[in-house]
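**Student:** One structure, pasted below without further comment.
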Amino acid sequence: MFHDFKYRILVALLGCGLLSSCSGSKAQPPRIAAVPILAATVEQKDVPLQVKAIGAIEAYSNVSVKTQITGELTGVHFKEGQDVRKGQLLFTLDKRPFEAALKQAQGMLAKDQAQSANARAQAKRYESLNKAGVVSKEEYEQMQSNADALDAAVLADQAAVENARIQLVYCTIYSPIDGRTGPLLIHQGNMIKANDTPFLVSINQVQPIYATFTVPEQNLADIKRFSSQEKLRVQALIPNDTRGPENGWLSFIDNTVDQATGTIRLKGEFANADRQLWPGQFVDVVLTLAQQSKAIVVPAQSIQNGQLGQFVFVIKPDMTVEARQVTIDRTADGQAVIAKGLAAGEQIVTDGQLRLVPGVSKVEFKQAAAPATGTPQATPPPVAAPRTKGE
């Protein structure tokens, strides 16, 4: 009895197995592996409209100090590379020859003044005698002429005295500007000539200071338009300098486009309070024309080139991708400003595009490698897949 029961159970189990194998569903097709990608979210933000160039720093003002007289350089009253103030004494020359010349001119003036006074008195007496008929008119006119000539000599002597005083003043040379001195080219004890070459020393005014740069003439219309509305901000950044950019304003637009290069010359003025900028230095210059509000911005590496133009891969809710054509306004600082084709909040692929097939490939997010700063790059949250009926 027990053996018969076991037999029935075995037959039933075999039957169920056969039915199960016969009525089973067809084999499921193999699943396509998801493509690992990096993604970013399309942003809408204010983006500056900028022009970038390489510039060179120029002194706000430069003076090459020369002497206006010839003589011996008897004193140097500053050190090379020293900051000097306007009116500060720089050089002295031997004054003795010029003091003697001044005394000589003063003596000549005194002599001619005495003679002129005597001639004027004689002319007055002859005038009375001429009226009384004692002397002829010719004699009176001769005396009057002598007096006029001596008066003119006095005027010439006064000018000679003034010139001698000026020459004496030139024996001391003062700084015409606030600035920093360069190397001393002629040392104490040397004879120097008026307006000779080389000059004695060069002084550069470095506060404020200029950055000179050129931009393509295609930017000139925008620069003139925006600069007529407000002062345009200019930034000067020294490569590999951790202090950040120096901020200034556009102060000069050249009146001529260079036809050889097709560029226009501009100048930015900087306060340079901490003397971060130095004459002759090369800097990266950024000229900000305006702020573009609510611009659609994506990472530049998301832009792909195809037969129909530029496009990006947009991630759909079902984790597939769509190749969407876009129109790019401009690209700067690793970002592309999109004029048409995307909306804020959409997610796009920034890495892994080569393995994607629009509408077919599934994607999954991967952890990004840490950038050079050492801060891990955040990956966007996964897009929620649509829920099917019955889940």
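Here's how to read the names in the structure tokens: chain A, B, ... by the order shown, residue numbers from 1 in each chain, ligand numbers from 1 in the order shown.
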I'd like the neighbourhood of stretch 339-355 of chain A as number ranges by chain, where a residue qualifies if any of its atoms comes within 10 Å (using only C-alpha atoms), though same-chain residues fewer than 6 positions away should be ignored.

**Tutor:** A: 35-45, 294-304, 311-317, 321-330, 361, 363, 365-366, 368, 380-383

**Student:** List as a PDB file with N, CA, C and O atoms, in the first residue's frame the protein and nucleic acid residues near stretch 133-144 of chain A, meaning an atom at most 7 Å away when only C-alpha atoms are counted, but skip any in the same chain fewer than 5 places from it.

**Tutor:**
```
ATOM      1  N   ALA A 119      70.446 159.466 -19.743  1.00  0.00           N
ATOM      2  CA  ALA A 119      70.003 159.850 -21.091  1.00  0.00           C
ATOM      3  C   ALA A 119      68.585 160.399 -21.056  1.00  0.00           C
ATOM      4  O   ALA A 119      68.246 161.347 -21.793  1.00  0.00           O
ATOM      5  N   GLN A 122      68.787 164.000 -19.780  1.00  0.00           N
ATOM      6  CA  GLN A 122      69.298 164.901 -20.813  1.00  0.00           C
ATOM      7  C   GLN A 122      68.228 165.171 -21.883  1.00  0.00           C
ATOM      8  O   GLN A 122      68.083 166.314 -22.360  1.00  0.00           O
ATOM      9  N   ALA A 123      67.508 164.135 -22.220  1.00  0.00           N
ATOM     10  CA  ALA A 123      66.455 164.312 -23.231  1.00  0.00           C
ATOM     11  C   ALA A 123      65.388 165.273 -22.721  1.00  0.00           C
ATOM     12  O   ALA A 123      64.844 166.092 -23.486  1.00  0.00           O
ATOM     13  N   TYR A 126      66.856 168.856 -22.995  1.00  0.00           N
ATOM     14  CA  TYR A 126      66.896 169.294 -24.394  1.00  0.00           C
ATOM     15  C   TYR A 126      65.499 169.629 -24.895  1.00  0.00           C
ATOM     16  O   TYR A 126      65.332 170.457 -25.799  1.00  0.00           O
ATOM     17  N   GLU A 127      64.512 168.951 -24.321  1.00  0.00           N
ATOM     18  CA  GLU A 127      63.141 169.275 -24.722  1.00  0.00           C
ATOM     19  C   GLU A 127      62.805 170.717 -24.329  1.00  0.00           C
ATOM     20  O   GLU A 127      62.221 171.481 -25.137  1.00  0.00           O
TER      21      GLU A 127
END
```

**Student:** Which is closest to A:Leu93 among A:Ala110, A:Leu168, A:Leu250, A:Ile177, if we use only C-alpha atoms?

**Tutor:**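 Under the stated criterion, the closest residue is A:Leu168.
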
**Student:** Find the nearest atom pair between each residue of stretch 184-262 of chain A and stretch 271-285 of chain A for residues within 10 Å, count only C-alpha atoms, give distances in Å to one decimal, sort rows by chain and ascending number, and present the table as CSV.

**Tutor:**
```
residue,atom,partner,partner_atom,distance
A:Asn204,CA,A:Pro279,CA,8.1
A:Gln205,CA,A:Pro279,CA,9.2
A:Val206,CA,A:Trp278,CA,7.1
A:Gln207,CA,A:Asn272,CA,5.7
A:Pro208,CA,A:Ala271,CA,4.4
A:Ile209,CA,A:Asn272,CA,6.5
A:Tyr210,CA,A:Pro279,CA,8.4
A:Ala211,CA,A:Val285,CA,8.0
A:Thr212,CA,A:Val285,CA,9.0
A:Phe213,CA,A:Val285,CA,7.5
A:Thr214,CA,A:Val285,CA,9.7
A:Val234,CA,A:Val285,CA,6.9
A:Gln235,CA,A:Val285,CA,5.6
A:Ala236,CA,A:Val285,CA,4.7
A:Leu237,CA,A:Asp284,CA,5.1
A:Ile238,CA,A:Val283,CA,4.9
A:Pro239,CA,A:Val283,CA,6.8
A:Asp241,CA,A:Gln276,CA,9.5
A:Arg243,CA,A:Gln276,CA,8.5
A:Gly244,CA,A:Gln276,CA,9.8
A:Pro245,CA,A:Asp284,CA,9.0
A:Glu246,CA,A:Asn272,CA,7.3
A:Asn247,CA,A:Ala271,CA,8.1
A:Gly248,CA,A:Ala271,CA,7.0
A:Trp249,CA,A:Ala271,CA,9.5
```

**Student:** Using DSSP on the backbone coordinates, identify the residues of stretch 188-359 of chain A assigned to alpha helix (DSSP H); present them as a list in words.

**Tutor:**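 So the alpha helix (DSSP H) residues in stretch 188-359 of chain A would be Leu220, Ala221, Asp222, Ile223, Lys224, Arg225, Phe226 and Ser227 of chain A.
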
**Student:** Kindly save the residues from that selection, with C-alpha atoms included, as a PDB file, in the first residue's frame.

**Tutor:**
```
ATOM      1  CA  LEU A 220      34.985  97.117 -32.322  1.00  0.00           C
ATOM      2  CA  ALA A 221      31.287  97.771 -32.982  1.00  0.00           C
ATOM      3  CA  ASP A 222      30.226  95.984 -29.782  1.00  0.00           C
ATOM      4  CA  ILE A 223      32.956  97.684 -27.752  1.00  0.00           C
ATOM      5  CA  LYS A 224      31.920 101.157 -28.927  1.00  0.00           C
ATOM      6  CA  ARG A 225      28.236 100.395 -28.375  1.00  0.00           C
ATOM      7  CA  PHE A 226      28.611  99.079 -24.842  1.00  0.00           C
ATOM      8  CA  SER A 227      31.270 101.623 -23.802  1.00  0.00           C
TER       9      SER A 227
END
```

**Student:** Measure the distance from atom CA of A:Gln229 to atom CA of A:Gly55 in Å and round it to one decimal.

**Tutor:**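 Computing the Euclidean distance for atom CA of A:Gln229 and atom CA of A:Gly55 yields 24.3 Å.
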
**Student:** Report as a list of chain:residue names: the residues of stretch 82-210 of chain A with a DSSP assignment of strand (DSSP E), based on the backbone of this structure.

**Tutor:**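 DSSP on the backbone gives strand (DSSP E) at A:Asp83, A:Val84, A:Leu89, A:Leu90, A:Phe91, A:Thr92, A:Leu93, A:Thr172, A:Ile173, A:Tyr174, A:Gly179, A:Arg180, A:Thr181, A:Met191, A:Ile192, A:Val201, A:Ser202, A:Ile203, A:Asn204, A:Gln205, A:Val206, A:Gln207, A:Pro208, A:Ile209, A:Tyr210.
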
**Student:** Can you list, as number ranges by chain, every protein, DNA or RNA residue that comes within 10 Å of A:Gly81 when you count only C-alpha atoms, leaving out same-chain residues fewer than 6 positions away?

**Tutor:** A: 179-184, 202-203

**Student:** How far is it from atom CA of A:Glu72 to atom CA of A:Gly87, in Å with one decimal?

**Tutor:**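 Atom-to-atom, atom CA of A:Glu72 to atom CA of A:Gly87, that is 21.6 Å.
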
**Student:** So that I can check the surroundings of A:Val51, please list as a ChimeraX atom specification every protein, DNA and RNA residue that reaches within 10 Å of it, counting only C-alpha atoms and ignoring chain neighbours fewer than 4 positions away.

**Tutor:** /A:215-216,219,223,234,285-289,332

**Student:** Restricting the output to C-alpha atoms, write the selected residues as a PDB file, in the first residue's frame.

**Tutor:**
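So selection.pdb came out as:
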```pdb
ATOM      1  CA  VAL A 215      41.357  92.764 -30.138  1.00  0.00           C
ATOM      2  CA  PRO A 216      40.041  91.839 -33.617  1.00  0.00           C
ATOM      3  CA  ASN A 219      34.668  93.353 -31.837  1.00  0.00           C
ATOM      4  CA  ILE A 223      32.956  97.684 -27.752  1.00  0.00           C
ATOM      5  CA  VAL A 234      38.723  95.133 -17.547  1.00  0.00           C
ATOM      6  CA  VAL A 285      43.192  90.549 -20.211  1.00  0.00           C
ATOM      7  CA  VAL A 286      39.417  90.039 -20.007  1.00  0.00           C
ATOM      8  CA  LEU A 287      37.164  92.858 -21.235  1.00  0.00           C
ATOM      9  CA  THR A 288      33.549  92.455 -20.041  1.00  0.00           C
ATOM     10  CA  LEU A 289      31.068  94.097 -22.409  1.00  0.00           C
ATOM     11  CA  ALA A 332      34.131  80.406 -23.314  1.00  0.00           C
TER      12      ALA A 332
END
```

**Student:** Find the residue from A:Asp254, A:Asp178, A:Glu364, A:Asp157 that sits nearest to A:Lys111; use only C-alpha atoms when measuring.

**Tutor:**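 Among the listed residues, the smallest separation from A:Lys111 belongs to A:Asp157.
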
**Student:** Would you compute the distance between atom CA of A:Leu102 and atom CA of A:Arg165? Give it in Å to one decimal.

**Tutor:**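 Taking atom CA of A:Leu102 and atom CA of A:Arg165, their separation equals 6.2 Å.
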
**Student:** Taking only C-alpha atoms into account, name the residue in A:Phe270, A:Glu217, A:Asp112, A:Gln310 that is nearest to A:Arg233.

**Tutor:** A:Phe270

**Student:** Which residues are close to A:Leu200, i.e. within 12 Å by only C-alpha atoms, leaving aside same-chain residues fewer than 2 positions away? Reply as JSON, numbers by chain.

**Tutor:** {"A": [63, 64, 65, 66, 67, 68, 73, 76, 80, 90, 91, 92, 173, 175, 181, 182, 183, 184, 185, 186, 187, 188, 190, 191, 192, 193, 194, 195, 196, 197, 198, 202, 203]}

**Student:** Go ahead and save the picked residues with C-alpha atoms, as a PDB file, in the first residue's frame.

**Tutor:**
```pdb
ATOM      1  CA  VAL A  63      59.751 110.572 -17.824  1.00  0.00           C
ATOM      2  CA  SER A  64      63.335 110.383 -19.056  1.00  0.00           C
ATOM      3  CA  VAL A  65      65.165 112.896 -16.885  1.00  0.00           C
ATOM      4  CA  LYS A  66      67.719 115.029 -18.760  1.00  0.00           C
ATOM      5  CA  THR A  67      69.627 118.179 -17.969  1.00  0.00           C
ATOM      6  CA  GLN A  68      68.881 121.457 -19.737  1.00  0.00           C
ATOM      7  CA  LEU A  73      77.080 116.484 -12.033  1.00  0.00           C
ATOM      8  CA  VAL A  76      72.776 112.333  -6.877  1.00  0.00           C
ATOM      9  CA  GLU A  80      68.306 103.299  -8.043  1.00  0.00           C
ATOM     10  CA  LEU A  90      67.164 114.181  -7.739  1.00  0.00           C
ATOM     11  CA  PHE A  91      70.382 115.819  -9.059  1.00  0.00           C
ATOM     12  CA  THR A  92      72.532 118.895  -8.519  1.00  0.00           C
ATOM     13  CA  ILE A 173      66.775 118.757 -10.996  1.00  0.00           C
ATOM     14  CA  SER A 175      61.212 114.763 -10.009  1.00  0.00           C
ATOM     15  CA  THR A 181      63.263 105.304 -10.617  1.00  0.00           C
ATOM     16  CA  GLY A 182      65.140 102.981 -12.907  1.00  0.00           C
ATOM     17  CA  PRO A 183      68.904 102.474 -13.207  1.00  0.00           C
ATOM     18  CA  LEU A 184      71.175 105.507 -12.893  1.00  0.00           C
ATOM     19  CA  LEU A 185      72.868 105.933 -16.270  1.00  0.00           C
ATOM     20  CA  ILE A 186      75.249 108.837 -15.483  1.00  0.00           C
ATOM     21  CA  HIS A 187      76.993 109.001 -12.137  1.00  0.00           C
ATOM     22  CA  GLN A 188      78.230 111.838  -9.968  1.00  0.00           C
ATOM     23  CA  ASN A 190      80.654 113.285 -14.890  1.00  0.00           C
ATOM     24  CA  MET A 191      80.267 116.228 -17.236  1.00  0.00           C
ATOM     25  CA  ILE A 192      76.825 116.271 -18.782  1.00  0.00           C
ATOM     26  CA  LYS A 193      75.517 118.188 -21.757  1.00  0.00           C
ATOM     27  CA  ALA A 194      72.144 119.803 -22.269  1.00  0.00           C
ATOM     28  CA  ASN A 195      69.553 117.317 -23.640  1.00  0.00           C
ATOM     29  CA  ASP A 196      72.283 114.757 -24.262  1.00  0.00           C
ATOM     30  CA  THR A 197      71.819 110.989 -24.672  1.00  0.00           C
ATOM     31  CA  PRO A 198      71.650 108.886 -22.579  1.00  0.00           C
ATOM     32  CA  SER A 202      63.947 107.086 -16.123  1.00  0.00           C
ATOM     33  CA  ILE A 203      60.916 107.399 -13.823  1.00  0.00           C
TER      34      ILE A 203
END
```
